[in-house]
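Peer 1: Please read through the structure below; I'll follow up with questions.
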Amino acid sequence: MKNKKDYVILIVCIVLFFAGCANKKGADNEKQQIGKQTDTSENVQKTSVPTLFIHGYGGGNNSFGRMIKRLEGNHRTKKELILTVSVAGKVQAKGELTGKENNPSVQVLFEDNKNNEWNQAEWIKNCLEFIGSNYGITQVNLVGHSMGGASTLRYLTTFGEDNNLPKINKFVGIAAPFNDFVELSNGETLDDVLQNGPAIQSERYSDYVNGIDKVSKGMKVMIVAGDVEDGSLSDEAVPVADAVSVIALFQTHGNEVQEKIFYGKAAQHSKLHENMEVDQLVADFLWQ
């Protein structure tokens, strides 16, 4: 009996040994696959054109800080500069633009992060003047989340004709209340909004309509919206119809527009800039 028991123990040990080897090999393969997914440097077009990331209402360093860090880890960009704007509109810089072709990112922070969009549009203008005069920048991309997107479009429809400012190549609006939180009206569908614009236009949206001719027709646009699928047709803060309300406006103006609606819990308003699928979408739009 003792020999039989020893024999069983030996067999169990051998099985566990080979199972461990198989698990290790599987884990190694998984790591290799993850590495292949995250190292996307071969597909990236690298230029020295900076991309400015502008946070939303009440936002701060983490609002786009973590996204930029993830994109750095995927070899898509290099964070080179942080611009902090005081309530008086003064720009303070941390870091510097090197001029290297590494798709430099610039994080824009407003000290008064709950100020109105008119002041924020001025502050965006001040940031562009700053990098233009200090680094000779002539073209940039702009990415805005929530109110940061609305304020960016306010900038574009107010100062877009100023040839003394850097040219805007690409604009990304993520979960931005372009129509000031207006939902679908009775009988209106999302397709109606996408094709014709919103039936009910807020004062904010009307301002965009009146200023759209100041926007360069050569600027490419990406609009991102979220639907948490709880029946609200929203990301819990901004209605989908609101976030996509400017697509028809841009298209009628002559801009090339792409749009994407994300669904589920990860499409919640504040989670969209933490969503790695959004990372991928934005990175591909900006740098491919």
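In the structure tokens, chains take letters A, B, ... by order of appearance, with residues numbered from 1 within each chain and ligands from 1 in the order shown.
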With only C-alpha atoms counted and 12 Å as the cut-off, give the residues of stretch 130-181 of chain A in contact with stretch 76-94 of chain A, each with its shortest interatomic distance in Å and the pair that gives it, as JSON lines.

Peer 2:
```
{"residue": "A:Phe130", "atom": "CA", "partner": "A:Val91", "partner_atom": "CA", "distance": 7.3}
{"residue": "A:Ile131", "atom": "CA", "partner": "A:Leu83", "partner_atom": "CA", "distance": 9.5}
{"residue": "A:Asn134", "atom": "CA", "partner": "A:Ala93", "partner_atom": "CA", "distance": 10.6}
{"residue": "A:Tyr135", "atom": "CA", "partner": "A:Leu81", "partner_atom": "CA", "distance": 11.6}
```

Peer 1: I'd like the contact shell of A:Ala121 - 10 Å cut-off, only C-alpha atoms, skipping same-chain residues fewer than 5 positions apart - returned as a ChimeraX atom specification.

Peer 2: /A:116,126-127,148,150-159

Peer 1: Keeping only C-alpha atoms, write those residues as a PDB file, in the first residue's frame.

Peer 2:
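What ended up in selection.pdb:
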```pdb
ATOM      1  CA  ASN A 116     -17.917  80.426 -18.355  1.00  0.00           C
ATOM      2  CA  ASN A 126      -4.109  83.077 -24.859  1.00  0.00           C
ATOM      3  CA  CYS A 127      -2.598  79.573 -24.813  1.00  0.00           C
ATOM      4  CA  GLY A 148     -13.842  72.025 -22.744  1.00  0.00           C
ATOM      5  CA  ALA A 150     -17.983  73.605 -26.017  1.00  0.00           C
ATOM      6  CA  SER A 151     -15.454  76.296 -25.076  1.00  0.00           C
ATOM      7  CA  THR A 152     -13.143  75.121 -27.845  1.00  0.00           C
ATOM      8  CA  LEU A 153     -15.907  75.480 -30.419  1.00  0.00           C
ATOM      9  CA  ARG A 154     -16.679  78.886 -28.907  1.00  0.00           C
ATOM     10  CA  TYR A 155     -13.035  79.755 -29.570  1.00  0.00           C
ATOM     11  CA  LEU A 156     -13.205  78.447 -33.143  1.00  0.00           C
ATOM     12  CA  THR A 157     -16.400  80.355 -33.984  1.00  0.00           C
ATOM     13  CA  THR A 158     -15.069  83.540 -32.352  1.00  0.00           C
ATOM     14  CA  PHE A 159     -11.371  83.692 -33.221  1.00  0.00           C
TER      15      PHE A 159
END
```

Peer 1: Could you list, as JSON, numbers by chain, every residue within 12 Å of A:Leu249, counting only C-alpha atoms and ignoring same-chain residues fewer than 3 positions away?

Peer 2: {"A": [153, 157, 178, 179, 193, 194, 195, 196, 197, 198, 201, 205, 206, 207, 208, 209, 210, 211, 212, 213, 215, 217, 221, 244, 245, 246, 252, 253, 254, 255, 256, 257]}

Peer 1: Go ahead and write the residues just picked, N, CA, C and O atoms, as a CSV table (one decimal), in the first residue's frame.

Peer 2:
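File produced: selection_18.csv:
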```
chain,number,residue,atom,x,y,z
A,153,LEU,N,-15.1,75.1,-29.3
A,153,LEU,CA,-15.9,75.5,-30.4
A,153,LEU,C,-16.3,77.0,-30.3
A,153,LEU,O,-16.4,77.7,-31.3
A,157,THR,N,-15.4,79.5,-33.3
A,157,THR,CA,-16.4,80.4,-34.0
A,157,THR,C,-16.3,81.8,-33.6
A,157,THR,O,-17.0,82.7,-34.1
A,178,PHE,N,-22.8,70.8,-26.9
A,178,PHE,CA,-22.8,71.8,-27.9
A,178,PHE,C,-24.1,72.5,-28.0
A,178,PHE,O,-24.2,73.7,-28.4
A,179,ASN,N,-25.2,71.8,-27.7
A,179,ASN,CA,-26.6,72.4,-27.8
A,179,ASN,C,-27.1,72.7,-26.4
A,179,ASN,O,-28.3,72.7,-26.2
A,193,VAL,N,-31.2,64.5,-36.2
A,193,VAL,CA,-30.1,65.4,-35.7
A,193,VAL,C,-28.9,65.3,-36.4
A,193,VAL,O,-28.2,66.3,-36.8
A,194,LEU,N,-28.5,64.0,-36.7
A,194,LEU,CA,-27.2,63.8,-37.5
A,194,LEU,C,-27.3,64.4,-38.9
A,194,LEU,O,-26.3,64.9,-39.4
A,195,GLN,N,-28.4,64.3,-39.5
A,195,GLN,CA,-28.6,64.7,-40.9
A,195,GLN,C,-28.9,66.2,-41.0
A,195,GLN,O,-28.4,66.9,-41.9
A,196,ASN,N,-29.7,66.7,-40.1
A,196,ASN,CA,-30.2,68.1,-40.2
A,196,ASN,C,-29.8,69.0,-39.1
A,196,ASN,O,-30.1,70.2,-39.2
A,197,GLY,N,-29.2,68.5,-38.0
A,197,GLY,CA,-29.0,69.4,-36.8
A,197,GLY,C,-30.2,69.3,-35.9
A,197,GLY,O,-31.3,68.8,-36.3
A,198,PRO,N,-30.2,69.9,-34.8
A,198,PRO,CA,-31.3,69.8,-33.8
A,198,PRO,C,-32.5,70.7,-34.2
A,198,PRO,O,-32.3,71.8,-34.7
A,201,GLN,N,-32.8,74.7,-31.1
A,201,GLN,CA,-31.4,75.3,-31.0
A,201,GLN,C,-31.3,76.2,-29.8
A,201,GLN,O,-32.1,77.1,-29.7
A,205,TYR,N,-25.9,77.1,-29.4
A,205,TYR,CA,-25.8,76.5,-30.7
A,205,TYR,C,-26.0,77.6,-31.8
A,205,TYR,O,-25.3,77.6,-32.8
A,206,SER,N,-26.9,78.5,-31.5
A,206,SER,CA,-27.2,79.6,-32.5
A,206,SER,C,-25.9,80.4,-32.7
A,206,SER,O,-25.6,80.9,-33.8
A,207,ASP,N,-25.2,80.6,-31.6
A,207,ASP,CA,-23.9,81.4,-31.7
A,207,ASP,C,-22.9,80.6,-32.6
A,207,ASP,O,-22.2,81.2,-33.4
A,208,TYR,N,-22.9,79.3,-32.5
A,208,TYR,CA,-22.0,78.5,-33.3
A,208,TYR,C,-22.4,78.6,-34.8
A,208,TYR,O,-21.6,78.7,-35.7
A,209,VAL,N,-23.7,78.6,-35.0
A,209,VAL,CA,-24.2,78.7,-36.4
A,209,VAL,C,-23.8,80.1,-37.0
A,209,VAL,O,-23.3,80.2,-38.1
A,210,ASN,N,-23.9,81.1,-36.2
A,210,ASN,CA,-23.6,82.5,-36.6
A,210,ASN,C,-22.1,82.6,-36.8
A,210,ASN,O,-21.6,83.5,-37.6
A,211,GLY,N,-21.3,81.8,-36.2
A,211,GLY,CA,-19.8,82.0,-36.2
A,211,GLY,C,-19.1,80.9,-37.1
A,211,GLY,O,-17.9,80.9,-37.2
A,212,ILE,N,-19.9,80.0,-37.6
A,212,ILE,CA,-19.2,78.8,-38.3
A,212,ILE,C,-18.4,79.3,-39.5
A,212,ILE,O,-17.4,78.6,-39.8
A,213,ASP,N,-18.7,80.4,-40.1
A,213,ASP,CA,-17.9,80.8,-41.3
A,213,ASP,C,-16.5,81.2,-40.8
A,213,ASP,O,-15.6,81.4,-41.7
A,215,VAL,N,-14.6,79.3,-39.0
A,215,VAL,CA,-13.9,78.0,-38.8
A,215,VAL,C,-13.4,77.6,-40.2
A,215,VAL,O,-14.0,77.7,-41.2
A,217,LYS,N,-12.5,75.4,-43.2
A,217,LYS,CA,-13.2,74.2,-43.8
A,217,LYS,C,-12.2,73.1,-43.9
A,217,LYS,O,-12.6,71.9,-44.1
A,221,VAL,N,-12.7,67.0,-38.1
A,221,VAL,CA,-13.5,67.0,-36.8
A,221,VAL,C,-13.8,65.6,-36.4
A,221,VAL,O,-14.2,64.7,-37.3
A,244,VAL,N,-23.8,65.2,-30.4
A,244,VAL,CA,-23.6,65.1,-31.9
A,244,VAL,C,-24.3,66.2,-32.7
A,244,VAL,O,-24.4,66.2,-33.9
A,245,SER,N,-24.9,67.2,-32.0
A,245,SER,CA,-25.7,68.2,-32.6
A,245,SER,C,-25.0,69.0,-33.6
A,245,SER,O,-25.6,69.6,-34.6
A,246,VAL,N,-23.6,69.1,-33.5
A,246,VAL,CA,-22.9,70.0,-34.5
A,246,VAL,C,-22.4,69.3,-35.7
A,246,VAL,O,-21.8,69.9,-36.6
A,252,THR,N,-22.2,70.7,-43.3
A,252,THR,CA,-22.8,71.7,-44.2
A,252,THR,C,-21.8,72.8,-44.5
A,252,THR,O,-21.7,73.3,-45.7
A,253,HIS,N,-20.9,73.0,-43.5
A,253,HIS,CA,-19.9,74.1,-43.7
A,253,HIS,C,-18.8,73.6,-44.6
A,253,HIS,O,-18.1,74.4,-45.3
A,254,GLY,N,-18.6,72.2,-44.7
A,254,GLY,CA,-17.6,71.7,-45.6
A,254,GLY,C,-16.5,70.9,-44.9
A,254,GLY,O,-15.5,70.5,-45.6
A,255,ASN,N,-16.6,70.8,-43.6
A,255,ASN,CA,-15.6,70.1,-42.8
A,255,ASN,C,-15.8,68.6,-43.0
A,255,ASN,O,-16.9,68.1,-43.1
A,256,GLU,N,-14.7,67.8,-42.9
A,256,GLU,CA,-14.7,66.4,-42.9
A,256,GLU,C,-15.0,66.0,-41.4
A,256,GLU,O,-14.2,66.4,-40.5
A,257,VAL,N,-16.0,65.2,-41.2
A,257,VAL,CA,-16.4,64.9,-39.8
A,257,VAL,C,-16.5,63.4,-39.6
A,257,VAL,O,-17.1,62.6,-40.5
```

Peer 1: Can you pull out the residues contacting A:Ser146? Cut-off 7 Å, using only C-alpha atoms, and skip same-chain residues under 5 positions away; I want them as a VMD selection string.

Peer 2: chain A and resid 56 174 to 177

Peer 1: Can you pull out every residue from stretch 181-249 of chain A that DSSP, working from the backbone, puts in strand (DSSP E), and format the result as a PyMOL selection string?

Peer 2: chain A and resi 220-227

Peer 1: Give me, as a Markdown table, each residue of stretch 46-160 of chain A that comes within 8 Å of stretch 261-284 of chain A, together with its shortest interatomic pair and the distance in Å at one decimal, counting only C-alpha atoms, with rows ordered by chain and rising residue number.

Peer 2:
```
| residue | atom | partner | partner_atom | distance |
| --- | --- | --- | --- | --- |
| A:Ser63 | CA | A:His273 | CA | 7.2 |
| A:Phe64 | CA | A:His273 | CA | 6.7 |
| A:Arg66 | CA | A:Glu274 | CA | 7.2 |
| A:Met67 | CA | A:Glu274 | CA | 6.3 |
| A:Arg70 | CA | A:Asp279 | CA | 8.0 |
| A:Leu71 | CA | A:Asp279 | CA | 7.1 |
| A:Arg76 | CA | A:Ala283 | CA | 6.8 |
| A:His145 | CA | A:His273 | CA | 7.6 |
```

Peer 1: Just the number, please: distance in Å from atom CA of A:Ile54 to atom CA of A:Gly144, one decimal.

Peer 2: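 Between atom CA of A:Ile54 and atom CA of A:Gly144 the gap works out to 4.7 Å.
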
Peer 1: If I take atom CA of A:Asn62 and atom CA of A:Val49, how far is one from the other in Å, to one decimal?

Peer 2: 22.9 Å

Peer 1: Could you find all residues in stretch 136-182 of chain A that DSSP calls alpha helix (DSSP H) from the backbone, and write them as number ranges by chain?

Peer 2: A: 147-159

Peer 1: Using only C-alpha atoms, which of the listed residues (A:Val228, A:Leu165, A:Met222, A:Leu190) sits closest to A:Ser133?

Peer 2: A:Leu165

Peer 1: Can you work out which one of A:Glu229, A:Ile124, A:Lys170, A:Ser48 has the shortest atom-to-atom distance to A:Leu97, counting only C-alpha atoms?

Peer 2: A:Ser48

Peer 1: For a test of reading the model, state the distance in Å between atom CA of A:Ser232 and atom CA of A:Glu183, rounded to one decimal.

Peer 2: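 Atom CA of A:Ser232 sits 9.5 Å away from atom CA of A:Glu183.
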
Peer 1: Could you name the residues that touch A:Gly60 at 9 Å or less, counting only C-alpha atoms, but leaving out those on the same chain fewer than 4 positions away, as a ChimeraX atom specification?

Peer 2: /A:55-56,64-65,108-111,113
